[in-house]
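As provided, input11.txt (compact mmCIF, C-alpha atoms) reads as follows.
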# COMPACT_ATOMS: atom_id res chain seq x y z
CA MET A 1 -70.28 16.02 -278.42
CA THR A 2 -71.86 17.86 -275.51
CA VAL A 3 -69.87 19.58 -272.85
CA TRP A 4 -71.48 17.49 -270.14
CA GLN A 5 -70.86 14.16 -271.77
CA ASP A 6 -69.13 11.62 -269.53
CA ARG A 7 -65.86 10.71 -271.12
CA SER A 8 -64.65 7.94 -268.81
CA LEU A 9 -62.79 5.73 -271.21
CA VAL A 10 -62.90 1.99 -271.62
CA LEU A 11 -59.72 0.86 -273.29
CA GLY A 12 -60.65 -1.27 -276.28
CA GLY A 13 -63.47 -2.94 -274.37
CA ARG A 14 -60.93 -4.63 -272.11
CA GLY A 15 -62.36 -3.13 -268.97
CA VAL A 16 -59.52 -0.69 -268.24
CA VAL A 17 -61.53 2.25 -266.94
CA LEU A 18 -59.78 5.40 -265.82
CA SER A 19 -61.76 7.99 -263.92
CA SER A 20 -60.95 11.71 -263.78
CA TYR A 21 -58.66 10.88 -260.85
CA GLY A 22 -56.63 8.62 -263.13
CA TYR A 23 -56.09 11.40 -265.64
CA LEU A 24 -55.26 13.80 -262.84
CA ILE A 25 -52.68 11.34 -261.45
CA PHE A 26 -51.26 10.93 -264.96
CA PHE A 27 -50.99 14.70 -265.53
CA PHE A 28 -49.36 15.57 -262.22
CA GLY A 29 -47.18 12.44 -262.33
CA THR A 30 -45.86 13.38 -265.77
CA VAL A 31 -45.21 17.01 -264.80
CA LEU A 32 -43.42 15.97 -261.61
CA MET A 33 -41.28 13.36 -263.35
CA ALA A 34 -40.43 15.71 -266.23
CA ILE A 35 -39.23 18.27 -263.67
CA LEU A 36 -37.24 15.85 -261.51
CA VAL A 37 -35.69 13.58 -264.13
CA THR A 38 -32.55 14.80 -265.87
CA GLU A 39 -31.17 14.75 -269.42
CA ALA A 40 -31.72 11.63 -271.59
CA LYS A 41 -34.15 10.06 -269.10
CA VAL A 42 -36.71 12.68 -270.14
CA ALA A 43 -36.99 10.83 -273.46
CA LEU A 44 -38.47 7.89 -271.52
CA ILE A 45 -41.08 10.21 -270.01
CA LEU A 46 -42.01 11.49 -273.48
CA GLY A 47 -42.20 7.91 -274.79
CA SER A 48 -44.47 6.83 -271.91
CA THR A 49 -46.66 9.94 -272.34
CA LEU A 50 -47.09 9.30 -276.07
CA VAL A 51 -47.94 5.62 -275.47
CA PHE A 52 -50.50 6.61 -272.79
CA ALA A 53 -52.02 9.23 -275.11
CA ALA A 54 -52.20 6.73 -278.00
CA LEU A 55 -53.95 4.18 -275.77
CA PHE A 56 -56.34 6.37 -273.79
CA TYR A 57 -56.89 9.64 -275.61
CA ARG A 58 -55.56 9.66 -279.16
CA ASP A 59 -57.01 13.11 -279.96
CA ALA A 60 -54.34 14.66 -277.71
CA LEU A 61 -51.71 13.66 -280.28
CA ARG A 62 -53.25 16.19 -282.68
CA LEU A 63 -51.53 18.77 -280.51
CA LEU A 64 -48.29 17.79 -282.24
CA GLN A 65 -49.73 19.14 -285.52
CA ARG A 66 -50.25 22.64 -284.09
CA TRP A 67 -47.72 25.24 -285.22
CA GLN A 68 -48.13 27.18 -281.96
CA LEU A 69 -46.56 24.29 -280.06
CA TRP A 70 -43.57 24.14 -282.41
CA ALA A 71 -43.24 27.94 -282.28
CA PHE A 72 -42.28 27.40 -278.61
CA ILE A 73 -40.18 24.28 -279.07
CA VAL A 74 -38.10 25.06 -282.18
CA PRO A 75 -36.53 28.38 -281.01
CA THR A 76 -35.30 26.65 -277.83
CA LEU A 77 -33.77 23.92 -279.94
CA LEU A 78 -32.14 26.39 -282.32
CA LEU A 79 -30.84 28.90 -279.77
CA SER A 80 -29.36 26.51 -277.18
CA PRO A 81 -26.20 25.54 -279.17
CA PHE A 82 -25.36 29.23 -279.46
CA VAL A 83 -25.82 30.31 -275.84
CA ILE A 84 -25.26 27.27 -273.59
CA GLY A 85 -21.84 25.69 -272.92
CA GLN A 86 -18.41 26.00 -274.54
CA LYS A 87 -18.34 26.32 -278.34
CA ASP A 88 -16.63 23.15 -279.56
CA VAL A 89 -18.12 22.53 -283.02
CA PHE A 90 -17.74 24.61 -286.19
CA LEU A 91 -20.49 24.08 -288.73
CA TRP A 92 -21.17 26.18 -291.85
CA GLY A 93 -19.09 28.99 -290.40
CA LEU A 94 -20.98 28.97 -287.09
CA SER A 95 -19.41 28.10 -283.75
CA LEU A 96 -21.75 25.90 -281.77
CA SER A 97 -21.78 24.00 -278.51
CA ARG A 98 -22.42 20.27 -278.38
CA GLU A 99 -23.50 20.59 -274.73
CA GLY A 100 -25.93 23.37 -275.70
CA PHE A 101 -27.40 21.26 -278.50
CA TRP A 102 -28.21 18.36 -276.17
CA ALA A 103 -29.49 20.72 -273.46
CA GLY A 104 -31.89 22.14 -276.08
CA VAL A 105 -33.01 18.66 -277.14
CA TRP A 106 -33.80 17.62 -273.55
CA MET A 107 -35.61 20.89 -272.89
CA ALA A 108 -37.73 20.37 -276.02
CA VAL A 109 -38.51 16.76 -275.03
CA ARG A 110 -39.53 17.88 -271.53
CA GLY A 111 -41.77 20.63 -272.98
CA LEU A 112 -43.43 18.15 -275.36
CA SER A 113 -44.08 15.65 -272.54
CA ILE A 114 -45.84 18.25 -270.39
CA ALA A 115 -47.82 19.66 -273.33
CA VAL A 116 -49.10 16.21 -274.36
CA ALA A 117 -49.94 15.29 -270.73
CA ALA A 118 -51.92 18.53 -270.37
CA GLY A 119 -53.68 17.83 -273.68
CA VAL A 120 -54.71 14.34 -272.50
CA PHE A 121 -56.04 15.63 -269.16
CA ALA A 122 -57.94 18.56 -270.67
CA GLY A 123 -59.41 16.45 -273.47
CA ALA A 124 -60.31 13.28 -271.58
CA VAL A 125 -61.87 14.89 -268.50
CA SER A 126 -65.23 16.52 -269.20
CA VAL A 127 -66.22 19.91 -267.79
CA SER A 128 -68.68 18.32 -265.37
CA GLN A 129 -66.00 15.95 -264.07
CA MET A 130 -63.59 18.85 -263.72
CA ALA A 131 -66.21 20.75 -261.72
CA GLN A 132 -66.64 17.66 -259.50
CA LEU A 133 -62.89 17.54 -258.91
CA PHE A 134 -63.00 21.17 -257.77
CA GLU A 135 -66.07 20.48 -255.63
CA ARG A 136 -64.06 17.83 -253.79
CA MET A 137 -61.69 20.67 -252.89
CA ARG A 138 -64.45 22.27 -250.77
CA LEU A 139 -65.73 24.48 -253.60
CA LYS A 140 -69.36 23.41 -253.25
CA GLY A 141 -71.76 24.52 -255.95
CA LEU A 142 -69.08 25.02 -258.58
CA GLY A 143 -70.80 22.48 -260.86
CA PHE A 144 -74.01 24.47 -260.71
CA ALA A 145 -72.16 27.76 -261.29
CA LEU A 146 -70.36 26.25 -264.25
CA GLY A 147 -73.63 24.99 -265.76
CA VAL A 148 -75.18 28.46 -265.40
CA ALA A 149 -72.05 30.10 -266.83
CA THR A 150 -72.02 27.77 -269.86
CA ASN A 151 -75.64 28.71 -270.57
CA MET A 152 -75.03 32.38 -269.85
CA LEU A 153 -71.99 32.66 -272.12
CA PRO A 154 -73.94 33.27 -275.39
CA VAL A 155 -76.26 35.64 -273.49
CA VAL A 156 -73.32 37.63 -272.13
CA GLN A 157 -71.69 37.75 -275.57
CA GLU A 158 -74.98 38.98 -277.06
CA THR A 159 -75.34 41.59 -274.29
CA ILE A 160 -71.80 42.87 -274.96
CA GLU A 161 -72.48 43.05 -278.70
CA SER A 162 -75.89 44.76 -278.43
CA SER A 163 -74.72 47.23 -275.75
CA TYR A 164 -71.67 48.12 -277.82
CA GLN A 165 -73.75 48.66 -280.97
CA ALA A 166 -76.36 50.72 -279.08
CA ILE A 167 -73.69 53.01 -277.60
CA ARG A 168 -71.86 53.30 -280.93
CA LEU A 169 -75.05 54.19 -282.84
CA ARG A 170 -75.75 56.97 -280.33
CA GLY A 171 -72.39 58.48 -281.12
CA GLY A 172 -70.44 56.96 -278.25
CA PHE A 173 -66.67 56.44 -278.57
CA ARG A 174 -66.35 59.60 -280.72
CA ARG A 175 -65.42 61.63 -277.67
CA HIS A 176 -65.25 60.99 -273.91
CA ARG A 177 -64.10 57.49 -274.74
CA LEU A 178 -63.30 56.48 -271.18
CA GLU A 179 -66.71 57.63 -269.96
CA THR A 180 -68.36 55.66 -272.79
CA LEU A 181 -66.33 52.56 -271.95
CA LYS A 182 -67.47 52.87 -268.34
CA LEU A 183 -71.08 53.09 -269.54
CA LEU A 184 -70.57 49.98 -271.66
CA VAL A 185 -69.14 47.96 -268.74
CA VAL A 186 -71.95 49.06 -266.43
CA ALA A 187 -74.61 48.25 -269.06
CA VAL A 188 -73.16 44.79 -269.74
CA ILE A 189 -72.82 43.79 -266.08
CA ALA A 190 -76.17 45.25 -265.00
CA GLY A 191 -77.94 43.63 -267.99
CA SER A 192 -76.36 40.22 -267.27
CA LEU A 193 -77.23 40.42 -263.56
CA ARG A 194 -80.87 41.20 -264.37
CA ARG A 195 -81.02 38.10 -266.54
CA GLY A 196 -79.36 36.17 -263.74
CA ASP A 197 -82.23 37.10 -261.41
CA ASP A 198 -84.56 34.99 -263.57
CA ILE A 199 -82.27 31.98 -263.07
CA VAL A 200 -82.20 32.58 -259.31
CA CYS A 201 -86.02 32.72 -259.18
CA ALA A 202 -86.31 29.53 -261.26
CA ALA A 203 -83.77 27.63 -259.11
CA GLU A 204 -85.23 28.83 -255.81
CA GLY A 205 -88.74 28.06 -257.05
CA ARG A 206 -87.64 24.44 -257.50
CA ALA A 207 -86.07 24.38 -254.01
CA PHE A 208 -82.68 23.73 -255.59
CA ASP A 209 -79.89 23.01 -253.09
CA PRO A 210 -76.47 23.81 -254.57
CA SER A 211 -74.61 21.95 -251.84
CA LYS A 212 -75.99 18.63 -253.12
CA SER A 213 -74.17 17.68 -256.31
CA GLN A 214 -76.48 16.62 -259.15
CA ALA A 215 -73.85 14.66 -261.04
CA PRO A 216 -72.85 11.04 -260.25
CA ARG A 217 -70.06 10.88 -257.67
CA LEU A 218 -66.50 10.32 -258.80
CA HIS A 219 -64.80 7.17 -257.59
CA LEU A 220 -61.23 5.97 -257.74
CA THR A 221 -61.17 2.88 -259.99
CA PRO A 222 -58.72 -0.07 -259.78
CA ALA A 223 -57.17 1.21 -263.03
CA ASP A 224 -56.47 4.59 -261.37
CA VAL A 225 -54.69 2.87 -258.49
CA THR A 226 -52.67 0.69 -260.89
CA LEU A 227 -51.73 3.74 -262.96
CA GLY A 228 -50.67 5.60 -259.82
CA GLY A 229 -48.51 2.63 -258.80
CA VAL A 230 -46.90 2.37 -262.24
CA ILE A 231 -46.12 6.10 -262.31
CA LEU A 232 -44.66 5.97 -258.79
CA LEU A 233 -42.52 2.95 -259.67
CA LEU A 234 -41.31 4.52 -262.92
CA GLY A 235 -40.51 7.75 -261.10
CA VAL A 236 -38.49 5.98 -258.39
CA VAL A 237 -36.60 3.87 -260.95
CA LEU A 238 -35.77 6.89 -263.12
CA LEU A 239 -34.60 8.91 -260.14
CA LEU A 240 -32.43 6.17 -258.65
CA VAL A 241 -30.86 4.72 -261.80
CA MET B 1 -67.32 27.48 -248.51
CA LYS B 2 -71.08 27.38 -248.95
CA PHE B 3 -72.77 29.87 -251.24
CA SER B 4 -76.47 30.56 -251.71
CA VAL B 5 -78.13 30.04 -255.09
CA ARG B 6 -78.07 33.79 -255.78
CA GLU B 7 -74.38 34.02 -254.95
CA LEU B 8 -73.58 31.06 -257.20
CA VAL B 9 -75.53 32.60 -260.08
CA TYR B 10 -73.63 35.87 -259.63
CA ILE B 11 -70.35 33.94 -259.56
CA ALA B 12 -71.43 32.23 -262.79
CA ILE B 13 -72.31 35.57 -264.42
CA PHE B 14 -69.00 37.24 -263.54
CA GLY B 15 -67.14 34.08 -264.59
CA ALA B 16 -69.05 34.10 -267.88
CA ILE B 17 -68.24 37.80 -268.46
CA TRP B 18 -64.54 37.21 -267.78
CA GLY B 19 -64.62 34.06 -269.94
CA ALA B 20 -66.46 35.84 -272.77
CA LEU B 21 -63.92 38.68 -272.74
CA GLU B 22 -61.03 36.19 -272.70
CA ILE B 23 -62.53 34.32 -275.66
CA THR B 24 -63.41 37.39 -277.77
CA VAL B 25 -61.08 40.26 -276.83
CA GLY B 26 -58.24 37.90 -275.83
CA SER B 27 -58.33 35.96 -279.10
CA TYR B 28 -58.54 39.22 -281.07
CA LEU B 29 -55.52 40.70 -279.28
CA HIS B 30 -53.53 37.48 -279.79
CA VAL B 31 -54.20 37.79 -283.52
CA ILE B 32 -53.24 41.46 -283.89
CA PHE B 33 -50.12 41.35 -281.68
CA PRO B 34 -47.09 39.15 -282.43
CA PRO B 35 -46.55 36.01 -280.27
CA LEU B 36 -43.63 37.62 -278.42
CA ALA B 37 -45.98 40.34 -277.09
CA ASP B 38 -48.24 37.66 -275.59
CA THR B 39 -47.31 37.92 -271.93
CA PHE B 40 -45.87 41.38 -271.82
CA LEU B 41 -48.74 43.21 -273.55
CA VAL B 42 -51.76 41.04 -274.31
CA GLY B 43 -51.40 39.26 -270.96
CA LEU B 44 -51.25 42.57 -269.13
CA ILE B 45 -54.37 43.91 -270.87
CA MET B 46 -56.34 40.70 -270.32
CA ALA B 47 -55.19 40.39 -266.70
CA SER B 48 -56.32 43.98 -265.99
CA ILE B 49 -59.74 43.28 -267.54
CA GLY B 50 -60.02 40.06 -265.53
CA VAL B 51 -59.13 41.84 -262.29
CA VAL B 52 -61.78 44.52 -262.90
CA VAL B 53 -64.51 41.93 -263.61
CA ALA B 54 -63.60 39.58 -260.75
CA LEU B 55 -63.32 42.37 -258.17
CA ILE B 56 -66.68 43.86 -259.21
CA GLY B 57 -67.97 40.32 -258.67
CA ARG B 58 -66.57 40.43 -255.13
CA LEU B 59 -68.75 43.45 -254.37
CA PHE B 60 -71.80 41.37 -255.27
CA VAL B 61 -70.62 38.20 -253.51
CA PRO B 62 -68.62 39.56 -250.55
CA ARG B 63 -67.45 36.18 -249.28
CA THR B 64 -64.09 34.44 -249.18
CA GLY B 65 -63.59 32.18 -252.18
CA SER B 66 -65.93 34.02 -254.56
CA VAL B 67 -63.12 35.52 -256.67
CA LEU B 68 -61.37 32.14 -256.88
CA MET B 69 -64.64 30.55 -258.06
CA ILE B 70 -65.12 33.31 -260.66
CA GLY B 71 -61.58 32.61 -261.89
CA ILE B 72 -62.15 28.84 -262.09
CA VAL B 73 -65.38 29.36 -264.06
CA ALA B 74 -63.61 31.76 -266.47
CA ALA B 75 -60.66 29.37 -266.88
CA ILE B 76 -62.90 26.41 -267.70
CA LEU B 77 -64.94 28.48 -270.17
CA LYS B 78 -61.70 29.57 -271.83
CA MET B 79 -60.66 25.91 -271.97
CA ILE B 80 -63.80 24.80 -273.83
CA SER B 81 -63.69 27.70 -276.28
CA ILE B 82 -63.02 27.19 -280.01
CA GLY B 83 -59.31 27.99 -279.72
CA GLY B 84 -58.75 24.79 -277.73
CA VAL B 85 -56.76 24.18 -274.57
CA LYS B 86 -53.88 26.56 -273.96
CA LEU B 87 -52.02 25.95 -270.76
CA GLY B 88 -50.65 29.51 -270.42
CA PRO B 89 -53.90 31.53 -270.14
CA LEU B 90 -55.43 28.79 -267.99
CA VAL B 91 -52.64 28.91 -265.42
CA ALA B 92 -52.63 32.73 -265.56
CA ILE B 93 -56.38 33.05 -264.85
CA LEU B 94 -56.23 30.57 -261.95
CA ALA B 95 -53.10 32.14 -260.45
CA GLU B 96 -54.49 35.67 -260.74
CA SER B 97 -57.78 34.76 -259.09
CA LEU B 98 -55.94 32.94 -256.29
CA LEU B 99 -53.68 35.95 -255.71
CA MET B 100 -56.68 38.31 -255.73
CA GLU B 101 -58.32 36.10 -253.14
CA LEU B 102 -55.18 36.24 -250.97
CA GLY B 103 -55.00 40.02 -251.37
CA LEU B 104 -58.63 40.38 -250.31
CA LEU B 105 -57.95 38.44 -247.12
CA THR B 106 -56.21 41.56 -245.79
CA ALA B 107 -59.60 43.16 -245.10
CA ARG B 108 -62.67 41.60 -243.54
CA ARG B 109 -65.10 43.61 -245.65
CA PRO B 110 -64.55 44.86 -249.22
CA ARG B 111 -62.57 48.10 -249.09
CA ARG B 112 -60.96 50.21 -251.77
CA ARG B 113 -57.47 49.63 -250.40
CA SER B 114 -57.93 45.85 -250.33
CA PHE B 115 -59.16 46.00 -253.95
CA VAL B 116 -56.09 48.03 -254.98
CA PHE B 117 -53.79 45.61 -253.14
CA ALA B 118 -55.51 42.52 -254.56
CA GLY B 119 -55.36 43.95 -258.10
CA ALA B 120 -51.66 44.79 -257.78
CA LEU B 121 -50.88 41.36 -256.35
CA ALA B 122 -52.82 39.57 -259.10
CA ILE B 123 -51.19 41.40 -261.99
CA THR B 124 -47.73 40.96 -260.50
CA TRP B 125 -48.22 37.32 -261.51
CA ASN B 126 -48.23 38.47 -265.13
CA PHE B 127 -44.58 39.47 -264.75
CA PHE B 128 -43.47 36.09 -263.39
CA HIS B 129 -45.85 34.06 -265.58
CA LYS B 130 -43.57 33.65 -268.57
CA PHE B 131 -40.55 32.75 -266.44
CA ILE B 132 -42.49 30.20 -264.36
CA MET B 133 -44.17 28.63 -267.38
CA MET B 134 -40.87 28.44 -269.24
CA TRP B 135 -39.16 26.87 -266.23
CA LEU B 136 -42.02 24.39 -265.91
CA LEU B 137 -41.91 23.44 -269.58
CA PHE B 138 -38.20 23.58 -270.35
CA GLY B 139 -36.40 23.48 -267.00
CA ARG B 140 -33.63 25.63 -265.56
CA GLY B 141 -31.68 25.54 -268.83
CA ILE B 142 -34.08 28.01 -270.40
CA TYR B 143 -32.72 30.76 -268.12
CA GLU B 144 -29.25 30.17 -269.54
CA VAL B 145 -30.76 30.66 -273.00
CA TYR B 146 -32.42 33.94 -271.92
CA VAL B 147 -29.33 35.27 -270.13
CA GLY B 148 -27.20 34.35 -273.15
CA MET B 149 -29.63 36.13 -275.50
CA VAL B 150 -29.65 39.27 -273.31
CA ARG B 151 -25.81 39.30 -273.19
CA GLN B 152 -25.46 38.82 -276.93
CA GLY B 153 -28.19 41.37 -277.66
CA ALA B 154 -26.53 43.91 -275.34
CA SER B 155 -23.12 43.41 -276.96
CA LEU B 156 -24.70 43.66 -280.43
CA LEU B 157 -26.38 46.98 -279.54
CA ARG B 158 -23.26 48.03 -277.57
CA ILE B 159 -25.18 48.81 -274.40
CA ASP B 160 -24.50 47.75 -270.83
CA VAL B 161 -26.15 44.53 -269.62
CA SER B 162 -27.33 46.33 -266.47
CA TYR B 163 -29.85 48.22 -268.64
CA ALA B 164 -31.68 44.91 -269.04
CA LEU B 165 -32.09 44.78 -265.26
CA VAL B 166 -33.49 48.32 -265.25
CA ILE B 167 -35.99 47.35 -267.97
CA ILE B 168 -37.06 44.29 -265.95
CA VAL B 169 -37.64 46.40 -262.81
CA VAL B 170 -39.61 48.99 -264.82
CA LEU B 171 -41.77 46.20 -266.31
CA LEU B 172 -42.48 44.84 -262.82
CA PHE B 173 -43.51 48.27 -261.48
CA MET B 174 -45.69 48.85 -264.54
CA ARG B 175 -47.60 45.70 -263.65
CA ILE B 176 -47.99 46.66 -260.00
CA GLY B 177 -49.30 50.07 -261.11
CA ALA B 178 -51.70 48.57 -263.66
CA GLY B 179 -53.02 46.13 -261.05
CA GLY B 180 -53.56 48.84 -258.47
CA LEU B 181 -55.37 50.95 -261.06
CA ALA B 182 -57.55 47.98 -262.07
CA GLY B 183 -58.50 47.49 -258.38
CA TRP B 184 -59.31 51.20 -258.02
CA VAL B 185 -61.47 51.17 -261.18
CA ALA B 186 -63.23 47.96 -260.07
CA TRP B 187 -64.22 49.58 -256.77
CA ASP B 188 -65.74 52.63 -258.53
CA LEU B 189 -67.41 50.69 -261.33
CA GLY B 190 -68.78 48.10 -258.95
CA ARG B 191 -70.55 50.74 -256.90
CA VAL B 192 -72.02 52.29 -260.04
CA VAL B 193 -73.29 48.86 -261.19
CA ARG B 194 -74.74 48.21 -257.72
CA ASP B 195 -76.62 51.51 -257.82
CA ARG B 196 -77.89 50.77 -261.34
CA VAL B 197 -79.10 47.26 -260.41
CA ALA B 198 -80.76 48.56 -257.22
CA ARG B 199 -82.81 51.10 -259.19
As structure tokens:
Amino acid sequence: MTVWQDRSLVLGGRGVVLSSYGYLIFFFGTVLMAILVTEAKVALILGSTLVFAALFYRDALRLLQRWQLWAFIVPTLLLSPFVIGQKDVFLWGLSLSREGFWAGVWMAVRGLSIAVAAGVFAGAVSVSQMAQLFERMRLKGLGFALGVATNMLPVVQETIESSYQAIRLRGGFRRHRLETLKLLVVAVIAGSLRRGDDIVCAAEGRAFDPSKSQAPRLHLTPADVTLGGVILLLGVVLLLV
Amino acid sequence: MKFSVRELVYIAIFGAIWGALEITVGSYLHVIFPPLADTFLVGLIMASIGVVVALIGRLFVPRTGSVLMIGIVAAILKMISIGGVKLGPLVAILAESLLMELGLLTARRPRRRSFVFAGALAITWNFFHKFIMMWLLFGRGIYEVYVGMVRQGASLLRIDVSYALVIIVVLLFMRIGAGGLAGWVAWDLGRVVRDRVAR
């Protein structure tokens, strides 16, 4: 799968097309609701987020298999009964708080909701679409810069590696380490900028205008509007009930 | 904000350098240091490196918005790297570049003092990062967990809780110092690079 591939999704061929705006609305809507809604209502947010992920971007659910996520969630769950609220339960010789236990559960649920929402947004929206979103925020030419950076990344990594090896083989880093590090930084940046000059010449030679976006324009689809409405309605209901 | 082709290519190069360092050095540091050291040590090192690279970039593209663009490019490159999407570093890179940009607004033209100020401001974020991210993910209750842990830890070690406050203030000043130093270094290194490229 290429970085530039358009990942606008069609849900099961039923014509439900969400654009990048839809995913953006979903992400910010979920974060906002998870912050505003209290206690058990957060479980509804998690449920809705999981259903949305299952329908529109199932790969995001793989996040739940990552130990790094649980390394954040589990300690909160385990520590809360010890440090929040009055101790009112005695279990296996430990005094715990019921209030703390539930506070930990709701915190964990809130964390999971936001993590899954972020996973859906980051996975479903391609890099080019993300660049377009930023370009709409008056950052013209970001798409072009991102394209150049993606192509330059292996070159930069190679420059870092070769400069480091060259300096090391000449006996650098044995003494005057700071001076050698400075030399390395200067060599890497100067080398990368020289290569960049070739790209500038090629782009200018083709009369390239960075202010005109090369990618197809992003449009708000009916599905985005519907999703926004549903999120707004759900948010209002959860806040008022 | 309208940049020329040359400026955009320079933004791309500095973004790629920051991104490459985040992907290689950042991943390496995350492996060798325990997860608890993430923000307080690895984050500080990576933020300092990022500040140096982005501010050198500002010397080559001395226009408002260039550092923010470098940060966005680096963040997106970090996002598409093998390690997958991690919200923490992404938010940190974007917040640091935004703060650098705000710090640089204090001077019309690039100056050493504006670099030092921008660096200090950017790395100050590193101190608040964990607290803000934790509040965002878990809510206000997480602070009760932290305060409770500090109290219990202090009573276990039989030291006064106020020492924790002293440690927090020291950590904050360490970050301000590291940021200022990164800005100072960026100014010097940037001029050396400029001389080298002009040769």
For this session: Specify as a VMD selection string all residues of chain A found within 6 Å of chain B, counting all atoms listed in the file.
Result: chain A and resid 83 107 110 to 111 145 to 146 148 to 149 153 186 190 200
Exercise. Rounded to one decimal in Å, what is the spacing between atom CA of Glu22 of chain B and atom CA of Val156 of chain A?
Worked result: 12.4 Å
Exercise. How far is it from atom CA of Val120 of chain A to atom CA of Phe28 of chain A, in Å with one decimal?
Worked result: 11.7 Å
For this session: Have a look at atom CA of Gly103 of chain B and atom CA of Ala182 of chain B and let me know their distance in Å, one decimal.
Result: 13.6 Å
For this session: Find the spatial neighbours of Val51 of chain B, counting all atoms listed in the file, within a cut-off of 10 Å - ignore same-chain residues fewer than 6 positions away - and output them as a PyMOL selection string.
Result: chain B and resi 18+57+67+71+93+96-97+100+115+118-120+122-123+179-183+185-186
Problem set entry | Contact residues around segment 105-114 of chain B with all atoms listed in the file at 8 Å, ignoring same-chain residues under 5 positions, as a PyMOL selection string | chain B and resi 58-59+62+64+183-184+187
For this session: Would you list the residues near (-40.8, 12.9, -269.7) (no more than 12 Å away, in the coordinates of the file, using all atoms listed in the file) as a PyMOL selection string?
Result: (chain A and resi 26-52+106-117+231+234-235+238) or (chain B and resi 137-139)
Coordinates of box centre and edge lengths for segment 110-116 of chain A, 3 Å on every side, axis-aligned, as AutoDock Vina command-line options:
--center_x -44.3 --center_y 18.1 --center_z -272.9 --size_x 15.6 --size_y 11.0 --size_z 11.0
